[in-house]
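**Student:** A single structure is presented below for examination.
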Amino acid sequence: MLEKTYRPAEVEAKHYEQWEKSGAFAADTASDKVPYTIMMPPPNVTGSLHMGHALTFTLQDVLVRFWRMRGRDALWQPGTDHAGIATQMVVERQLEAKGVTRHDLGRDRFIERVWEWKGESGGTITRQLRRLGASPDWARERFTMDQGLSDAVRTVFVTLHKQGLIYRDKRLVNWDPKLHTAISDLEVEQREVKGHMWHLNYPVDGLEDTYITVATTRPETMLGDTAVAVHPEDERYRHLVGKRVRLPIVGRLIPIVADEYSDPTKGTGAVKITPAHDFNDFQVGSRHALPMINVLDRDARITGPVPAEYLGLDRYEARKKIVAAFEDLGLLVKIEPHTHMVPYGDRSGVVIEPWLTDQWFVDAATLAKPAIEAVETGRTRFVPRHWENTYYEWMRNIQPWCISRQIWWGHQVPAWYGPDGQVFVEMDEAAAQAAAAAHYGKPVELTRDQDVLDTWFSSALWPFSTLGWPTQTPDLARYYPTDVLVTGFDIIFFWVARMMMMGLHFMGDVPFRDIYIHALVRDEKGQKMSKSKGNIIDPLELIDRYGCDALRFTLAALAAQGRDIKLAEGRVEGYRNFATKLWNAARFCQMNECRPVAGFDPRTVRQTVNRWIAGKAAEVADKVAQALEAYRYDAAAGTVYQFVWGTFCDWYLEFAKPILQGGSETEAAKAAQAETRATAAWALDVILHLLHPFMPFITEELWEQTGSRDGRLMTRGWPRLEGLHDAAAEQEMDWVVRMVSTVRGVRSEMNVPAGSQVDLLVGGLDAAKQGWARTHGDLVVRLARLAAFEPAAAPERVAQAFSHGAAQMVVDEATLVLPLAGVIDIDRERARLDKEIARLEADIAKVDKKLGNADFVAKAPPEVVEEQQERRADWSAAAAKLREALARLSGA
């Protein structure tokens with residue numbers, strides 16, 4: 001017998017260990033099944049499970065378990081990312097605690113220390129994924145720095161370089177002056193800062209007492225200005241285009257150029273152009289062939305062709321000195337408070353500098369063309385579809401991709417330099433030496449490039465490098481291209497687009513057929529989770545408190561396409577209660593001897609209630625499958641939830657109680673009882689199958705404890721339930737459900753005490769339904785808590801009820817009357833309803849006033865507007881329901 005209470009902590013680790021040891025997660029390259037492949041987005045090896053992980057890996061696991069049950073050879077390819085900067089910082093902090101730097105160790109010993117850390121602590125995230133119930137093929141786990149993937153990275157780099165698609169160039173990058181490396185846009189965090197706008201006068205050369213005023217938030221970069229830009233249509237400056245200004249402090253003459261980048265409506269309409277220290281200015285400088293003067297070094301200190309007193313100053317010290325100098329020169333027009341966004345390194349916490357430096361780049365524009373076409377022609381499909389627009393916007397405006405990083409942990413660039421700086425890009429040093437000897441006509445000493453590759457470079461190869469490429473393995477032939485990628489919208493460009501480019505270039509086909517983009521998990525108020533707000537929800541704490549299945553089901557149930565998830569702990573608690581409901585239903589079945597019967601065929605059942613539940617089970621199995629095939633997780637979860645809680649627990653088991661718990665004196669009663677026991681057990685088994693992708697632990701535990709089984713639930717097939725729909729049984733039992741539900745609803749609306757039994761008078765039933773009423777009258781009385789049920793009430797009886805006070809309802813063609821005289825105070829109830837309707841209408845009017853205020857809608861955060869709209873919809877629905885209740889009392 002099942003324990004009275006389900007205790008998740010006692011069963012989750014047990015079942016997971018059994019699944020993994022039995023090989024239940026494994027794909028089979030030799031299988032004759034159709035493959036189904038998902039590539040796990042590799043979490044950082046430094047990572048710990050957060051709510052974003054919990055969502056994306058739950059959604060992937062739901063798909064993998066579902067398709068595995070549907071008979072596919074499912075490969076969920078696991079692995080972790082070496083996370084260059086993040087991992088290096090973790091190890092450097094450990095060394096710092098011992099008073100040691102990586103430079104004290106040297107490169108080789110430091111990298112050995114990182115590998116040691118990885119061996120000791122790098123498995124945290126994969127252990128936590130096991131706690132989440134994730135079922136990837138762990139035996140195939142890969143790491144972006146393992147030997148096979150390193151071979152793939154070198155092969156791709158060398159190939160693209162020989163094809164002219166990787167090159168070295170001097171361009172602007174996001175430079176971290178603390179970590180001393182270029183970083184990606186994803187590693188830049190934009191923060192709102194209350195700063196200043198300085199308005200500075202630049203004297204126009206050759207025109208006495210003529211100045212052009214520029215406004216800037218970064219006066220220190222003016223030392224590197226090489227132009228002033230104005231809009232070509234701006235009448236104020238048209239006469240100055242082509243003239244030059246004398247750059248204060250420096251004394252350099254720089255041109256005034258016409259460029260549409262300058263916005264006449266902002267500031268003074270004139271913009272200082274510093275091509276070496278601003279991404280937009282770099283584009284202007286390129287268009288006008290302006291010099292690019294670097295005035296900051298790698299520490300963000302002043303360098304370059306500037307007056308000696310500024311050399312070596314920190315950028316902010318230089319700012320103060322420059323502003324003071326402008327004031328002394330009489331060229332400081334004004335200083336205004338100005339709130340603006342400033343880029344910070346998400347790891348270092350310091351302000352990022354756009355910095356002109358030599359780096360390795362990929363010709364992303366060339367690689368992007370086939371990747372754009374693949375989505376345009378439908379070879380790869382985004383779900384939801386609107387994310388295609390984001391993809392196109394990024395890809396059609398793509399810039400060269402900076403792939404080099406100035407750190408030690410990562411894939412070292414396979415490039416060697418000769419004595420004169422000639423570069424040799426080869427698979428290894430021996431090949432580079434051979435190439436150099438051929439070039440120079442003799443052996444020469446080579447120096448290895450010290451940079452490593454951007455982590456996203458190796459991640460871009462993930463769909464095929466993990467399957468053995470560049471070797472043409474059986475795995476590669478079988479599992480590429482993959483079926484779907486499940487990921488967040490924030491890395492569509494950084495990862496998804498780059499996998500598309502690399503997959504098409506090296507494999508000749510897209511890496512995935514579908515790309516499912518899920519939304520963000522926010523807090524219950526719709527706010528983004530962050531440490532500073534103190535609203536982070538730890539998924540592991542929720543698992544400890546409510547069980548893994550409750551968290552997984554919550555995330556799936558809330559995963560509506562295109563809508564962020566507002567996660568409240570109460571939702572998880574609610575789905576923990578759902579697990580408890582399922583457990584209690586299984587206990588009820590056990591207590592009533594509902595055991596699986598070998599060879600049971602639901603097509604042969606004769607009892608109406610059993611034909612009804614068999615048809616409902618078939619219907620819900622189809623709906624859940626269709627929803628999961630379309631990535632409609634919320635619809636799939638909602639459908640099975642309603643079936644389990646409502647159809648099976650609240651209705652079927654209640655309908656079945658008289659049969660299960662009644663006497664079995666006659667052969668007919670015995671047969672009905674045996675059939676109902678077998679049907680209940682069969683329906684429970686169907687439920688366990690349908691819920692398993694969402695709630696693997698409780699379903700496996702119930703599968704194990706409710707019958708003698710020939711295998712684990714997770715290895716069973718998805719239910720195939722053709723030919724079970726019975727229209728007659730459905731019409732009959734659905735009518736009973738409508739009758740009882742309607743009466744229950746009115747009792748609740750009218751505040752009829754739960755213990756009060758009232759009569760139900762019915763008129764207008766057709767002959768068939770009068771027969772159903774006679775058959776199921778006892779059920780209606782018991783479930784609706786009635787004193788009497790009169791399915792063919794005399795007109796005078798109904799009139800009498802109305803004269804004393806009653807509630808009226810309509811179900812199909814029939815009129816239902818609930819006499820309430822003496823049960824509730826009719827006048828007081830009507831007054832209560834009037835008062836509640838008035839309150840709701842007042843609340844709706846307040847919200848309408850807010851939403852009708854264009855200024856409020858424009859300035860309020862989107863989540864606040866959405867919350868107001870949701871409140872209005874809820875209040876409107878509640879008011880409508882109360883008006884219906886008031887109308888029911890009109891006969892009194």
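Here's how to read the names in the structure tokens: chain A, B, ... by the order shown, residue numbers from 1 in each chain, ligand numbers from 1 in the order shown.
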If we count only C-alpha atoms and set the cut-off at 12 Å, which residues sit around Gln800 in chain A, ignoring sequence neighbours fewer than 5 positions away in its own chain? Please answer as a PDB file with N, CA, C and O atoms, in the first residue's frame.
**Tutor:**
```
ATOM      1  N   LEU A 761     -35.387  21.318  -8.931  1.00  0.00           N
ATOM      2  CA  LEU A 761     -36.551  21.096  -9.776  1.00  0.00           C
ATOM      3  C   LEU A 761     -36.147  21.331 -11.229  1.00  0.00           C
ATOM      4  O   LEU A 761     -35.521  22.351 -11.552  1.00  0.00           O
ATOM      5  N   ALA A 793     -40.380  18.124 -12.747  1.00  0.00           N
ATOM      6  CA  ALA A 793     -41.158  18.829 -11.715  1.00  0.00           C
ATOM      7  C   ALA A 793     -42.436  19.426 -12.308  1.00  0.00           C
ATOM      8  O   ALA A 793     -42.446  19.945 -13.420  1.00  0.00           O
ATOM      9  N   ALA A 794     -43.509  19.347 -11.524  1.00  0.00           N
ATOM     10  CA  ALA A 794     -44.795  19.903 -11.950  1.00  0.00           C
ATOM     11  C   ALA A 794     -44.709  21.420 -12.012  1.00  0.00           C
ATOM     12  O   ALA A 794     -44.049  22.041 -11.162  1.00  0.00           O
ATOM     13  N   PRO A 795     -45.365  22.070 -12.987  1.00  0.00           N
ATOM     14  CA  PRO A 795     -45.307  23.532 -13.125  1.00  0.00           C
ATOM     15  C   PRO A 795     -45.702  24.263 -11.858  1.00  0.00           C
ATOM     16  O   PRO A 795     -45.089  25.279 -11.514  1.00  0.00           O
ATOM     17  N   GLY A 805     -38.916  32.449  -3.461  1.00  0.00           N
ATOM     18  CA  GLY A 805     -37.508  32.789  -3.664  1.00  0.00           C
ATOM     19  C   GLY A 805     -36.706  31.592  -4.150  1.00  0.00           C
ATOM     20  O   GLY A 805     -36.656  30.564  -3.475  1.00  0.00           O
ATOM     21  N   ALA A 806     -36.120  31.723  -5.333  1.00  0.00           N
ATOM     22  CA  ALA A 806     -35.368  30.613  -5.903  1.00  0.00           C
ATOM     23  C   ALA A 806     -34.344  31.148  -6.882  1.00  0.00           C
ATOM     24  O   ALA A 806     -34.411  32.300  -7.325  1.00  0.00           O
ATOM     25  N   VAL A 817     -34.390  24.851 -11.317  1.00  0.00           N
ATOM     26  CA  VAL A 817     -34.797  25.782 -10.268  1.00  0.00           C
ATOM     27  C   VAL A 817     -34.329  25.237  -8.922  1.00  0.00           C
ATOM     28  O   VAL A 817     -34.563  24.067  -8.594  1.00  0.00           O
ATOM     29  N   LEU A 818     -33.671  26.121  -8.162  1.00  0.00           N
ATOM     30  CA  LEU A 818     -33.151  25.750  -6.847  1.00  0.00           C
ATOM     31  C   LEU A 818     -33.903  26.579  -5.799  1.00  0.00           C
ATOM     32  O   LEU A 818     -33.603  27.753  -5.602  1.00  0.00           O
ATOM     33  N   PRO A 819     -34.890  26.013  -5.108  1.00  0.00           N
ATOM     34  CA  PRO A 819     -35.612  26.762  -4.066  1.00  0.00           C
ATOM     35  C   PRO A 819     -34.658  27.134  -2.930  1.00  0.00           C
ATOM     36  O   PRO A 819     -33.992  26.262  -2.368  1.00  0.00           O
ATOM     37  N   LEU A 820     -34.600  28.440  -2.596  1.00  0.00           N
ATOM     38  CA  LEU A 820     -33.651  28.899  -1.583  1.00  0.00           C
ATOM     39  C   LEU A 820     -34.318  29.559  -0.389  1.00  0.00           C
ATOM     40  O   LEU A 820     -33.636  30.029   0.529  1.00  0.00           O
ATOM     41  N   ALA A 821     -35.658  29.614  -0.393  1.00  0.00           N
ATOM     42  CA  ALA A 821     -36.363  30.221   0.746  1.00  0.00           C
ATOM     43  C   ALA A 821     -36.017  29.453   2.013  1.00  0.00           C
ATOM     44  O   ALA A 821     -36.080  28.225   2.059  1.00  0.00           O
ATOM     45  N   GLY A 891     -36.488  35.689 -10.129  1.00  0.00           N
ATOM     46  CA  GLY A 891     -37.793  35.072  -9.892  1.00  0.00           C
ATOM     47  C   GLY A 891     -38.273  35.237  -8.473  1.00  0.00           C
ATOM     48  O   GLY A 891     -39.421  34.924  -8.166  1.00  0.00           O
ATOM     49  N   ALA A 892     -37.421  35.705  -7.581  1.00  0.00           N
ATOM     50  CA  ALA A 892     -37.817  35.798  -6.176  1.00  0.00           C
ATOM     51  C   ALA A 892     -38.759  36.969  -5.956  1.00  0.00           C
ATOM     52  O   ALA A 892     -38.658  37.978  -6.634  1.00  0.00           O
TER      53      ALA A 892
END
```
**Student:** Please run DSSP on the backbone and report, as a list in words, all residues within range 33-74 of chain A that come out as strand (DSSP E).
**Tutor:**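 Residues of range 33-74 of chain A classed as strand (DSSP E): Pro35, Tyr36, Thr37, Ile38, Met39, Asp73 and Ala74 of chain A.
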**Student:** Selection from above, C-alpha atoms, as a PDB file, in the first residue's frame, can you write it?
**Tutor:**
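The resulting file, again-v4.pdb, is reproduced below:
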```pdb
ATOM      1  CA  PRO A  35      16.536   9.529 -34.527  1.00  0.00           C
ATOM      2  CA  TYR A  36      15.456  12.552 -32.517  1.00  0.00           C
ATOM      3  CA  THR A  37      18.244  14.906 -31.482  1.00  0.00           C
ATOM      4  CA  ILE A  38      18.516  17.896 -29.180  1.00  0.00           C
ATOM      5  CA  MET A  39      21.800  19.628 -28.458  1.00  0.00           C
ATOM      6  CA  ASP A  73      15.984   7.042 -30.844  1.00  0.00           C
ATOM      7  CA  ALA A  74      16.405  10.138 -28.704  1.00  0.00           C
TER       8      ALA A  74
END
```
**Student:** Which residues come within 8 Å of Gln406 in chain A, counting only C-alpha atoms, excluding same-chain residues fewer than 6 positions away, as a ChimeraX atom specification?
**Tutor:** /A:180-182,450-452
**Student:** At a cut-off of 10 Å, using only C-alpha atoms, what residues contact range 295-310 of chain A? Leave out same-chain residues fewer than 6 positions from it and give the result as a count of residues only.
**Tutor:** 33
**Student:** Any idea what's packed within 6 Å of Tyr546 in chain A, counting only C-alpha atoms, ignoring anything in its chain fewer than 3 positions away? Could you give it as a list in words?
**Tutor:**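 Non-adjacent residues within range: Leu542, Ile543 and Arg576 of chain A.
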**Student:** Give me the residues near range 618-622 of chain A as a list in words, where near means some atom within 9 Å (using only C-alpha atoms) and where sequence neighbours in that chain fewer than 5 positions away do not count.
**Tutor:** Ile613, Ala627, Thr639, Val640, Phe643, Val686, Ile687, Leu690, Trp718, Pro719, Arg720, Leu721, Glu722, Gly723, Leu724 and His725 of chain A
**Student:** Keeping N, CA, C and O atoms, export the residues of the selection given above as a tab-separated table (two decimals), in the first residue's frame.
**Tutor:**
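Okay, selection29.tsv is ready:
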```tsv
chain	number	residue	atom	x	y	z
A	613	ILE	N	-14.76	7.36	-19.53
A	613	ILE	CA	-13.38	7.70	-19.14
A	613	ILE	C	-12.38	7.18	-20.16
A	613	ILE	O	-11.35	7.81	-20.42
A	627	ALA	N	-0.02	19.04	-28.70
A	627	ALA	CA	0.52	20.27	-28.10
A	627	ALA	C	2.04	20.21	-28.00
A	627	ALA	O	2.74	21.18	-28.31
A	639	THR	N	-3.81	20.68	-20.32
A	639	THR	CA	-4.73	19.62	-20.73
A	639	THR	C	-4.64	18.42	-19.80
A	639	THR	O	-5.67	17.89	-19.34
A	640	VAL	N	-3.44	17.98	-19.50
A	640	VAL	CA	-3.30	16.80	-18.65
A	640	VAL	C	-3.68	17.13	-17.21
A	640	VAL	O	-4.26	16.30	-16.49
A	643	PHE	N	-7.44	17.02	-16.97
A	643	PHE	CA	-7.92	15.64	-17.04
A	643	PHE	C	-7.70	14.92	-15.71
A	643	PHE	O	-8.60	14.24	-15.21
A	686	VAL	N	-2.61	5.28	-17.83
A	686	VAL	CA	-2.55	6.26	-18.92
A	686	VAL	C	-2.08	7.60	-18.39
A	686	VAL	O	-1.22	8.27	-18.99
A	687	ILE	N	-2.63	8.01	-17.26
A	687	ILE	CA	-2.23	9.28	-16.63
A	687	ILE	C	-0.74	9.29	-16.34
A	687	ILE	O	-0.05	10.28	-16.61
A	690	LEU	N	1.13	9.94	-19.53
A	690	LEU	CA	0.98	11.29	-20.05
A	690	LEU	C	1.72	12.32	-19.19
A	690	LEU	O	2.23	13.32	-19.70
A	718	TRP	N	4.43	5.71	-25.63
A	718	TRP	CA	3.32	6.65	-25.45
A	718	TRP	C	2.00	5.91	-25.74
A	718	TRP	O	1.94	5.09	-26.66
A	719	PRO	N	0.95	6.16	-24.96
A	719	PRO	CA	-0.31	5.43	-25.16
A	719	PRO	C	-0.87	5.60	-26.57
A	719	PRO	O	-0.96	6.73	-27.07
A	720	ARG	N	-1.24	4.50	-27.20
A	720	ARG	CA	-1.92	4.53	-28.51
A	720	ARG	C	-3.35	4.08	-28.24
A	720	ARG	O	-3.59	2.90	-27.96
A	721	LEU	N	-4.29	4.99	-28.32
A	721	LEU	CA	-5.65	4.73	-27.84
A	721	LEU	C	-6.70	4.97	-28.93
A	721	LEU	O	-7.68	5.68	-28.73
A	722	GLU	N	-6.48	4.35	-30.07
A	722	GLU	CA	-7.44	4.51	-31.16
A	722	GLU	C	-8.73	3.75	-30.86
A	722	GLU	O	-8.73	2.73	-30.19
A	723	GLY	N	-9.83	4.27	-31.41
A	723	GLY	CA	-11.11	3.56	-31.36
A	723	GLY	C	-11.81	3.56	-30.02
A	723	GLY	O	-12.67	2.72	-29.76
A	724	LEU	N	-11.46	4.49	-29.15
A	724	LEU	CA	-12.07	4.49	-27.81
A	724	LEU	C	-13.14	5.56	-27.64
A	724	LEU	O	-13.85	5.57	-26.64
A	725	HIS	N	-13.27	6.46	-28.59
A	725	HIS	CA	-14.26	7.52	-28.44
A	725	HIS	C	-15.66	6.92	-28.55
A	725	HIS	O	-15.99	6.22	-29.50
```
**Student:** Using CA of Ala887 in chain A and CA of Val746 in chain A as the two end points, give the distance in Å to one decimal.
**Tutor:**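 These atoms are spaced 11.5 Å apart.
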